[in-house]
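S.K.: Sharing a structure here in structure tokens format.
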Amino acid sequence: MKIVFLDARTLGDIPNLVKLSELGEVVFYPDTQLDEVASRIEGAEVVITNKVKVVRQTMENSPSLKLICVAATGTNNVDLAAAKELGIQVKNVKGYSTDSVAQETMALLLALLNSTAYYDAYVKSGEYSKERMFTHLGRPYWELRGKRFGILGLGEIGRQVAQIAAAFGCEVVYYSASGQTYDVPYASLSLEEFLATCDVLSVHAPLNEHTDNLLTYERIAQMKPTALLLNTSRGGIVNEVDLVRALDDNLIAGAAIDVFTQEPIPASHPYLQLKNPEKLLLAPHIAWSSIEARIRLMDKVADNIQRYLEGK
Ligand SMILES: NC(=O)c1ccc[n+]([C@@H]2O[C@H](COP(=O)([O-])OP(=O)(O)OC[C@H]3O[C@@H](n4cnc5c(N)ncnc54)[C@H](O)[C@@H]3O)[C@@H](O)[C@H]2O)c1
Ligand SMILES: O=C(O)[C@H](O)CO
């Protein structure tokens, strides 16, 4: 059985990639461009992809293809409807990076809220050494305790972030556009109340037809001017042009973003054109990628292929 891994480089240098070799003849490509996918997966029964898109046309032209293993939680790089129609199984990996994403979400929040980079630069620049009253309050911050922390999408990651926020003393609430409610000690709010009352709004829903472009300028305008917006889920949930406009218009205090509609972002991206760049903290889609999570991820991809081989 031929297994093609389209973008093995995205997993970095981890020891358990070789495990796959016990399951079939594996061809590892460090990376693959969209127009190279069809020829590279010729004759393959299983395709593994972390970031490379697998589109309808590729599937239609690949009669041997039976299983697409998404080496990620988000499945938005695969045309799921086409796969279903063509009888190709798609398996993603849920839960491998829950702790990592929650950790990065809070790391971004704390860096943004407490102006970590600003104060670090202030001390290293020598300015602090010249301060006669050893006081500098250039970027005031507020405490998380007692503040309302809103989770958009209370799945595995959302719950983990909720727990940490609760440990900080926040009042956790959530919004589910799918209308789902959960047996949790957090209040479920309407979108209007959620937007209008949260001090921190953290996005953890998958990108789908309900969440695509959910946070537009009009919706961000309903948030508190002191609120912070975090997105470690998928870029398309927040309208990127609108977020920049909202930050420039001081509709909210700041945002931290790990994910983008187009990755990598082009040099001309609106996020890089902000009037006050300090209001926006950016990371290059790294929330999932702790060493432990990457090792777990590849173990689970191998398990998925194993189960497919067993007809499960
Ligand atoms: N930045 C990263 O590195 C990284 C890593 C892992 C996952 N993710 C993203 O995080 C997402 C969530 O991961 P997870 O493990 O928590 O998945 P999950 O399936 O456990 O959680 C998703 C949650 O969102 C809810 N949801 C679905 N549609 C919604 C909607 N329209 N409005 C509000 N909520 C909705 C679901 O009910 C579910 O509770 C993934 O889909 C992926 O896009 C990002
Ligand atoms: O969805 C995921 O698992 C991460 O975003 C990595 O792609």
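Quick note on naming: the chains in the structure tokens go A, B, ... in the order shown, residues restart at 1 in each chain, and ligands are numbered from 1 in order of appearance.
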So that I can check the surroundings of Leu152 (chain A), please list as a ChimeraX atom specification every protein, DNA and RNA residue that reaches within 9 Å of it, counting only C-alpha atoms and ignoring chain neighbours fewer than 4 positions away.
M.R.: /A:158,173-177,194,201-205
S.K.: Using the selection just defined, write its residues with N, CA and C atoms as a JSON list (two decimals), in the first residue's frame.
M.R.:
```json
[["chain", "number", "residue", "atom", "x", "y", "z"],
["A", 158, "GLY", "N", -11.85, 24.83, 23.64],
["A", 158, "GLY", "CA", -12.63, 25.86, 24.33],
["A", 158, "GLY", "C", -12.78, 25.55, 25.82],
["A", 173, "VAL", "N", -18.16, 32.51, 30.12],
["A", 173, "VAL", "CA", -19.44, 32.34, 29.41],
["A", 173, "VAL", "C", -19.10, 31.81, 28.02],
["A", 174, "TYR", "N", -20.10, 31.29, 27.32],
["A", 174, "TYR", "CA", -19.81, 30.82, 25.97],
["A", 174, "TYR", "C", -20.94, 31.13, 25.01],
["A", 175, "TYR", "N", -20.59, 31.10, 23.73],
["A", 175, "TYR", "CA", -21.58, 31.27, 22.67],
["A", 175, "TYR", "C", -21.41, 30.13, 21.68],
["A", 176, "SER", "N", -22.52, 29.52, 21.31],
["A", 176, "SER", "CA", -22.48, 28.47, 20.30],
["A", 176, "SER", "C", -23.44, 28.82, 19.18],
["A", 177, "ALA", "N", -22.88, 29.15, 18.01],
["A", 177, "ALA", "CA", -23.73, 29.51, 16.85],
["A", 177, "ALA", "C", -24.51, 28.30, 16.36],
["A", 194, "PHE", "N", -23.21, 38.13, 24.30],
["A", 194, "PHE", "CA", -21.82, 37.65, 24.32],
["A", 194, "PHE", "C", -20.88, 38.76, 23.87],
["A", 201, "LEU", "N", -12.67, 37.79, 24.41],
["A", 201, "LEU", "CA", -13.45, 36.89, 23.55],
["A", 201, "LEU", "C", -12.46, 35.99, 22.83],
["A", 202, "SER", "N", -12.55, 34.69, 23.10],
["A", 202, "SER", "CA", -11.57, 33.76, 22.55],
["A", 202, "SER", "C", -12.26, 32.78, 21.61],
["A", 203, "VAL", "N", -11.77, 32.73, 20.37],
["A", 203, "VAL", "CA", -12.43, 31.94, 19.32],
["A", 203, "VAL", "C", -11.85, 30.51, 19.28],
["A", 204, "HIS", "N", -12.74, 29.51, 19.45],
["A", 204, "HIS", "CA", -12.29, 28.11, 19.41],
["A", 204, "HIS", "C", -13.21, 27.21, 18.59],
["A", 205, "ALA", "N", -14.12, 27.82, 17.82],
["A", 205, "ALA", "CA", -15.02, 27.03, 16.97],
["A", 205, "ALA", "C", -14.28, 26.61, 15.71]]
```
S.K.: DSSP on the backbone: which residues in region 107-255 of chain A end up as alpha helix (DSSP H)? Give the answer as JSON, numbers by chain.
M.R.: {"A": [107, 108, 109, 110, 111, 112, 113, 116, 117, 118, 119, 120, 121, 122, 123, 124, 156, 157, 158, 159, 160, 161, 162, 163, 164, 165, 166, 167, 191, 192, 193, 194, 195, 196, 197, 217, 218, 219, 220, 240, 241, 242, 243, 244, 245, 246, 247, 248]}
S.K.: Store the residues picked out above in a file with C-alpha atoms, as a tab-separated table (two decimals), in the first residue's frame.
M.R.:
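To be explicit, this is the file written out as result.tsv:
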```tsv
chain	number	residue	atom	x	y	z
A	107	ALA	CA	0.35	33.13	26.42
A	108	LEU	CA	-0.94	35.49	23.72
A	109	LEU	CA	-3.55	36.96	26.04
A	110	LEU	CA	-1.08	37.64	28.84
A	111	ALA	CA	1.54	39.10	26.49
A	112	LEU	CA	-1.09	41.40	24.98
A	113	LEU	CA	-2.76	42.38	28.23
A	116	THR	CA	5.25	42.10	27.82
A	117	ALA	CA	7.17	43.08	24.66
A	118	TYR	CA	6.76	46.80	25.38
A	119	TYR	CA	8.14	46.58	28.94
A	120	ASP	CA	10.96	44.27	27.88
A	121	ALA	CA	12.00	46.79	25.22
A	122	TYR	CA	11.69	49.64	27.75
A	123	VAL	CA	14.10	48.01	30.21
A	124	LYS	CA	16.58	46.82	27.56
A	156	GLU	CA	-12.19	20.40	23.65
A	157	ILE	CA	-9.91	23.41	23.30
A	158	GLY	CA	-12.63	25.86	24.33
A	159	ARG	CA	-13.21	23.90	27.55
A	160	GLN	CA	-9.52	23.75	28.35
A	161	VAL	CA	-9.19	27.52	27.88
A	162	ALA	CA	-12.35	27.96	29.98
A	163	GLN	CA	-10.78	26.00	32.85
A	164	ILE	CA	-7.63	28.10	32.80
A	165	ALA	CA	-9.63	31.32	32.59
A	166	ALA	CA	-11.72	30.16	35.55
A	167	ALA	CA	-8.49	29.48	37.48
A	191	LEU	CA	-24.45	36.44	20.29
A	192	GLU	CA	-25.60	39.97	21.14
A	193	GLU	CA	-25.05	39.56	24.89
A	194	PHE	CA	-21.82	37.65	24.32
A	195	LEU	CA	-20.34	40.42	22.18
A	196	ALA	CA	-21.56	43.27	24.37
A	197	THR	CA	-20.38	41.92	27.72
A	217	TYR	CA	-16.81	45.11	11.69
A	218	GLU	CA	-20.48	45.44	12.71
A	219	ARG	CA	-20.15	42.62	15.24
A	220	ILE	CA	-16.81	43.79	16.59
A	240	GLU	CA	-9.34	40.39	8.77
A	241	VAL	CA	-9.92	43.70	6.95
A	242	ASP	CA	-12.71	44.52	9.40
A	243	LEU	CA	-10.57	43.69	12.44
A	244	VAL	CA	-7.87	46.10	11.30
A	245	ARG	CA	-10.50	48.80	10.72
A	246	ALA	CA	-12.00	48.10	14.15
A	247	LEU	CA	-8.59	48.34	15.86
A	248	ASP	CA	-7.74	51.54	13.96
```
S.K.: What residues of the protein or nucleic acid chains come within 12 Å of ligand 2 when you use only C-alpha atoms and all ligand atoms? Reply as a ChimeraX atom specification.
M.R.: /A:7,10-11,49-53,69-78,92-101,157,204-207,231-235,258-261,263,284-290,293-294,296-298,300-301
S.K.: Which residues, written as an NGL selection string, have at least one atom at most 7 Å from Gly24 (chain A), with only C-alpha atoms counted and residues fewer than 5 positions away on the same chain left out?
M.R.: :A and (1-3)
S.K.: Keeping only C-alpha atoms, write those residues as a PDB file, in the first residue's frame.
M.R.:
```pdb
ATOM      1  CA  MET A   1       0.000   0.000   0.000  1.00  0.00           C
ATOM      2  CA  LYS A   2       1.360   3.394  -1.017  1.00  0.00           C
ATOM      3  CA  ILE A   3       1.099   6.205   1.517  1.00  0.00           C
TER       4      ILE A   3
END
```
S.K.: Looking at A:Leu154, A:Leu281, A:Val238, A:Leu228, which one is nearest to ligand 1, with distances taken over only C-alpha atoms and all ligand atoms?
M.R.: A:Leu154
S.K.: Have a look at A:Arg56, A:Lys66, A:Arg145, A:Lys91 and name the one nearest to Asp79 (chain A); count only C-alpha atoms.
M.R.: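 Of A:Arg56, A:Lys66, A:Arg145, A:Lys91, the one nearest Asp79 (chain A), counting only C-alpha atoms, is A:Arg56.
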